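This report concerns only the one structure given below.
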Amino acid sequence: MTDTTRVALVTGAARGIGLATARLFLAEGWRVALLDVEGELLEAAVAAIARPDDTLALTCDLADPVAITAAFAALAARFGRLDALVNNAGTAVFKPLLETTLEEWSRVMAVNLTGPFLTSQAAAALMADHGGGAIVNITSISGIRASTLRVAYGTSKAALAHLTRQQAAELASLGIRVNAVAPGPVDTAMAKAVHSPEIRADYRDAIPLARYGLEEELAQAIVFLCSDKASYITGQILAVDGGFEAAGIGLATLRGERRNR
């Protein structure tokens, strides 16, 4: 009998939003392949999940096309199908435009843009064999709103948003929906490490909901877009950001005026 349990592949799944998404897929009854460049961290995460029959760890650098091909071959051999791909893995260089090297620029583009291009090509072939599926690309609010020190990162994420629309237009005939989630500030371990108290205060002042998002809140949006509940949604960029992208200047001042009344 053919196993009809749905299968998801989540990249950048050793921690943060990717791991939270993998856990939610499992809770929803999916099997999950977790892919990450950090092999030891990934193996530890999969061991902690303790669902060996339903999980597969794939160590892979998304800047390496040969490694991507090998990862998809391993996935197909283990699960035989793919119903959802979450392109979450990413890298960043936080430097001024004039100090960002070509090598740094190229690495960010390779991981954040070319990687999802290649994984989506590989995924589409597997998905088409079972009537279609869903792809969710994780872009960023930095691909919508420009800010300092993010010339490579923000540009790669803006390009990924357009790639999402291209994929949606071209893969629909195969029954594949493609959307993106653009996180705002999220309370990940990385954010906690690099965002100073002053930066965190600035973000809270600029976000209508006045807080960072949670990894689990991003996972809920991602898994929804992969589910049958989103069956007529494709080509969309969903900002999961507490209203950050929608709000203009003056929010902090307005709040201060209200507090002082």
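Following the order of the structure tokens, chains are lettered A, B, ..., residues in each are numbered from 1, and ligands are numbered from 1.
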
Write out as a list in words the set of residues from stretch 24-185 of chain A that DSSP, computed on the backbone, places in strand (DSSP E). Arg31, Val32, Ala33, Leu34, Leu35, Asp36, Thr55, Leu56, Ala57, Leu58, Thr59, Ala84, Leu85, Val86, Asn87, Gly133, Ala134, Ile135, Val136, Asn137, Ile138, Ile176, Arg177, Val178, Asn179, Ala180, Val181, Ala182 and Pro183 of chain A

For the selection just defined, write its residues with N, CA and C atoms to a file, as a tab-separated table (two decimals), in the first residue's frame.
```
chain	number	residue	atom	x	y	z
A	31	ARG	N	5.33	13.93	8.00
A	31	ARG	CA	6.72	13.54	8.18
A	31	ARG	C	7.59	14.68	7.67
A	32	VAL	N	8.79	14.79	8.24
A	32	VAL	CA	9.59	15.99	7.95
A	32	VAL	C	11.05	15.64	7.72
A	33	ALA	N	11.60	16.18	6.64
A	33	ALA	CA	13.04	16.18	6.42
A	33	ALA	C	13.57	17.54	6.86
A	34	LEU	N	14.54	17.52	7.75
A	34	LEU	CA	15.13	18.74	8.28
A	34	LEU	C	16.52	18.90	7.67
A	35	LEU	N	16.76	20.02	7.03
A	35	LEU	CA	18.03	20.27	6.34
A	35	LEU	C	18.73	21.47	6.96
A	36	ASP	N	20.05	21.34	7.13
A	36	ASP	CA	20.81	22.46	7.67
A	36	ASP	C	22.29	22.25	7.33
A	55	THR	N	11.19	11.50	10.78
A	55	THR	CA	12.13	12.58	10.51
A	55	THR	C	13.35	12.08	9.74
A	56	LEU	N	13.98	12.99	9.04
A	56	LEU	CA	15.20	12.71	8.30
A	56	LEU	C	16.09	13.93	8.39
A	57	ALA	N	17.33	13.75	8.84
A	57	ALA	CA	18.29	14.85	8.93
A	57	ALA	C	19.15	14.87	7.68
A	58	LEU	N	19.24	16.05	7.05
A	58	LEU	CA	20.02	16.22	5.83
A	58	LEU	C	21.01	17.37	6.04
A	59	THR	N	22.28	17.05	6.12
A	59	THR	CA	23.30	18.09	6.24
A	59	THR	C	23.66	18.56	4.84
A	84	ALA	N	5.53	19.53	0.62
A	84	ALA	CA	5.78	20.93	0.99
A	84	ALA	C	7.27	21.16	1.13
A	85	LEU	N	7.69	22.31	0.65
A	85	LEU	CA	9.07	22.76	0.80
A	85	LEU	C	9.06	24.13	1.47
A	86	VAL	N	9.81	24.28	2.54
A	86	VAL	CA	9.95	25.57	3.21
A	86	VAL	C	11.40	26.01	3.06
A	87	ASN	N	11.62	27.02	2.24
A	87	ASN	CA	12.96	27.57	2.02
A	87	ASN	C	13.24	28.62	3.09
A	133	GLY	N	1.75	20.37	-4.70
A	133	GLY	CA	2.22	20.64	-3.34
A	133	GLY	C	2.31	22.12	-3.10
A	134	ALA	N	3.12	22.50	-2.13
A	134	ALA	CA	3.24	23.91	-1.75
A	134	ALA	C	4.69	24.23	-1.43
A	135	ILE	N	5.10	25.42	-1.83
A	135	ILE	CA	6.42	25.94	-1.49
A	135	ILE	C	6.22	27.25	-0.74
A	136	VAL	N	6.92	27.41	0.36
A	136	VAL	CA	6.91	28.68	1.10
A	136	VAL	C	8.35	29.17	1.23
A	137	ASN	N	8.62	30.32	0.68
A	137	ASN	CA	9.93	30.95	0.79
A	137	ASN	C	9.91	31.94	1.95
A	138	ILE	N	10.94	31.89	2.78
A	138	ILE	CA	11.01	32.83	3.89
A	138	ILE	C	11.86	34.02	3.46
A	176	ILE	N	1.24	23.20	-8.01
A	176	ILE	CA	2.13	23.67	-6.95
A	176	ILE	C	1.86	25.14	-6.65
A	177	ARG	N	1.50	25.41	-5.41
A	177	ARG	CA	1.31	26.79	-4.95
A	177	ARG	C	2.61	27.29	-4.33
A	178	VAL	N	2.91	28.57	-4.55
A	178	VAL	CA	4.14	29.14	-4.01
A	178	VAL	C	3.83	30.49	-3.36
A	179	ASN	N	4.15	30.61	-2.10
A	179	ASN	CA	3.95	31.84	-1.35
A	179	ASN	C	5.20	32.14	-0.53
A	180	ALA	N	5.21	33.30	0.08
A	180	ALA	CA	6.34	33.67	0.94
A	180	ALA	C	5.83	34.24	2.24
A	181	VAL	N	6.60	34.05	3.29
A	181	VAL	CA	6.37	34.70	4.58
A	181	VAL	C	7.54	35.64	4.82
A	182	ALA	N	7.21	36.88	5.14
A	182	ALA	CA	8.23	37.89	5.43
A	182	ALA	C	8.20	38.20	6.92
A	183	PRO	N	9.09	37.60	7.69
A	183	PRO	CA	9.10	37.87	9.13
A	183	PRO	C	9.59	39.29	9.42
```

Identify, with DSSP run on backbone atoms, the residues in stretch 63-239 of chain A assigned to alpha helix (DSSP H), and express the list as JSON, numbers by chain. {"A": [65, 66, 67, 68, 69, 70, 71, 72, 73, 74, 75, 76, 77, 78, 79, 102, 103, 104, 105, 106, 107, 108, 109, 115, 116, 117, 118, 119, 120, 121, 122, 123, 124, 125, 126, 127, 128, 151, 152, 153, 154, 155, 156, 157, 158, 159, 160, 161, 162, 163, 164, 165, 166, 167, 168, 169, 170, 171, 189, 190, 191, 192, 193, 194, 197, 198, 199, 200, 201, 202, 203, 204, 205, 206, 215, 216, 217, 218, 219, 220, 221, 222, 223, 224, 225, 226]}

Those same residues - C-alpha atoms - I'd like them written as an mmCIF file, in the first residue's frame.
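Dumped everything to result.cif:
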```
data_model
loop_
_atom_site.group_PDB
_atom_site.id
_atom_site.type_symbol
_atom_site.label_atom_id
_atom_site.label_comp_id
_atom_site.auth_asym_id
_atom_site.auth_seq_id
_atom_site.Cartn_x
_atom_site.Cartn_y
_atom_site.Cartn_z
ATOM 1 C CA PRO A 65 24.326 22.395 -6.103
ATOM 2 C CA VAL A 66 25.839 18.906 -5.873
ATOM 3 C CA ALA A 67 24.941 18.688 -2.182
ATOM 4 C CA ILE A 68 21.374 19.798 -2.945
ATOM 5 C CA THR A 69 20.999 17.044 -5.537
ATOM 6 C CA ALA A 70 22.286 14.474 -3.039
ATOM 7 C CA ALA A 71 19.926 15.720 -0.318
ATOM 8 C CA PHE A 72 16.884 15.365 -2.562
ATOM 9 C CA ALA A 73 17.976 11.901 -3.634
ATOM 10 C CA ALA A 74 18.172 10.902 0.039
ATOM 11 C CA LEU A 75 14.746 12.393 0.711
ATOM 12 C CA ALA A 76 13.175 10.559 -2.234
ATOM 13 C CA ALA A 77 14.780 7.282 -1.186
ATOM 14 C CA ARG A 78 13.511 7.624 2.381
ATOM 15 C CA PHE A 79 10.012 9.061 1.948
ATOM 16 C CA LEU A 102 32.186 40.706 -3.473
ATOM 17 C CA GLU A 103 32.793 37.397 -1.713
ATOM 18 C CA GLU A 104 30.341 38.315 1.061
ATOM 19 C CA TRP A 105 27.755 39.519 -1.453
ATOM 20 C CA SER A 106 28.131 36.349 -3.516
ATOM 21 C CA ARG A 107 27.785 34.044 -0.497
ATOM 22 C CA VAL A 108 24.575 35.739 0.643
ATOM 23 C CA MET A 109 23.088 35.536 -2.855
ATOM 24 C CA GLY A 115 19.630 27.949 -3.000
ATOM 25 C CA PRO A 116 15.824 28.358 -3.012
ATOM 26 C CA PHE A 117 15.884 28.466 -6.827
ATOM 27 C CA LEU A 118 17.625 25.079 -6.929
ATOM 28 C CA THR A 119 15.660 23.434 -4.117
ATOM 29 C CA SER A 120 12.382 24.526 -5.696
ATOM 30 C CA GLN A 121 13.402 23.035 -9.033
ATOM 31 C CA ALA A 122 14.222 19.744 -7.346
ATOM 32 C CA ALA A 123 11.061 19.836 -5.220
ATOM 33 C CA ALA A 124 8.765 20.533 -8.170
ATOM 34 C CA ALA A 125 9.684 17.258 -9.840
ATOM 35 C CA LEU A 126 8.838 15.253 -6.707
ATOM 36 C CA MET A 127 5.645 17.198 -6.025
ATOM 37 C CA ALA A 128 4.368 16.815 -9.579
ATOM 38 C CA VAL A 151 22.664 45.665 1.379
ATOM 39 C CA ALA A 152 23.317 42.016 0.511
ATOM 40 C CA TYR A 153 20.728 40.477 2.846
ATOM 41 C CA GLY A 154 17.898 42.873 2.013
ATOM 42 C CA THR A 155 18.541 42.682 -1.723
ATOM 43 C CA SER A 156 18.609 38.881 -1.655
ATOM 44 C CA LYS A 157 15.303 38.778 0.201
ATOM 45 C CA ALA A 158 13.663 41.267 -2.151
ATOM 46 C CA ALA A 159 14.763 39.108 -5.073
ATOM 47 C CA LEU A 160 13.428 36.009 -3.304
ATOM 48 C CA ALA A 161 10.028 37.705 -3.038
ATOM 49 C CA HIS A 162 9.963 38.193 -6.797
ATOM 50 C CA LEU A 163 11.204 34.652 -7.362
ATOM 51 C CA THR A 164 8.183 33.558 -5.316
ATOM 52 C CA ARG A 165 5.839 35.264 -7.780
ATOM 53 C CA GLN A 166 7.693 33.798 -10.767
ATOM 54 C CA GLN A 167 7.454 30.331 -9.268
ATOM 55 C CA ALA A 168 3.759 30.787 -8.484
ATOM 56 C CA ALA A 169 3.011 31.788 -12.066
ATOM 57 C CA GLU A 170 4.977 28.953 -13.651
ATOM 58 C CA LEU A 171 4.358 26.059 -11.269
ATOM 59 C CA ALA A 189 18.490 33.156 19.625
ATOM 60 C CA MET A 190 20.305 35.171 16.968
ATOM 61 C CA ALA A 191 18.183 38.257 17.576
ATOM 62 C CA LYS A 192 18.750 37.970 21.302
ATOM 63 C CA ALA A 193 22.490 37.812 20.684
ATOM 64 C CA VAL A 194 22.874 40.699 18.240
ATOM 65 C CA PRO A 197 18.470 46.731 24.389
ATOM 66 C CA GLU A 198 18.406 50.008 22.443
ATOM 67 C CA ILE A 199 17.694 48.243 19.160
ATOM 68 C CA ARG A 200 14.982 46.145 20.768
ATOM 69 C CA ALA A 201 13.374 49.308 22.150
ATOM 70 C CA ASP A 202 13.504 50.925 18.703
ATOM 71 C CA TYR A 203 11.774 47.925 17.157
ATOM 72 C CA ARG A 204 9.079 47.876 19.828
ATOM 73 C CA ASP A 205 8.436 51.548 19.221
ATOM 74 C CA ALA A 206 8.061 50.959 15.467
ATOM 75 C CA GLU A 215 9.183 31.509 16.343
ATOM 76 C CA GLU A 216 5.978 29.544 16.848
ATOM 77 C CA GLU A 217 3.891 32.394 15.406
ATOM 78 C CA LEU A 218 5.955 32.313 12.214
ATOM 79 C CA ALA A 219 5.603 28.536 12.081
ATOM 80 C CA GLN A 220 1.818 28.805 12.259
ATOM 81 C CA ALA A 221 1.738 31.056 9.184
ATOM 82 C CA ILE A 222 4.141 28.836 7.251
ATOM 83 C CA VAL A 223 2.306 25.585 7.950
ATOM 84 C CA PHE A 224 -1.028 27.252 7.128
ATOM 85 C CA LEU A 225 0.267 28.252 3.681
ATOM 86 C CA CYS A 226 1.350 24.637 3.106
#
```

Might you pull out every residue within 8 Å of A:Trp30, with only C-alpha atoms counted and same-chain residues fewer than 2 positions away left off, and present them as an NGL selection string? :A and (5-8 or 25-28 or 32 or 54)

When you draw a straight line from atom CA of A:Ala20 to atom CA of A:Ile141, how long is it in Å?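 Between atom CA of A:Ala20 and atom CA of A:Ile141 the gap works out to 19.4 Å.
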
Given only C-alpha atoms as the counted atoms, nearest of A:Gly248, A:Cys60, A:Arg81, A:Gly242 to A:Glu40: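 Distance minimum relative to A:Glu40 lands on A:Cys60.
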
Rank A:Leu19, A:Leu149, A:Ile207, A:Leu62 by their smallest atom-to-atom distance to A:Val93, using only C-alpha atoms, and report the top residue only.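 For A:Val93, the nearest of the given residues is A:Leu149.
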
Give the answer as one residue: which of A:Ala63, A:His130, A:Ala44, A:Leu97 has the shortest atom-to-atom distance to A:Ala110, using only C-alpha atoms?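 Closest to A:Ala110 of all the choices is A:Ala63.
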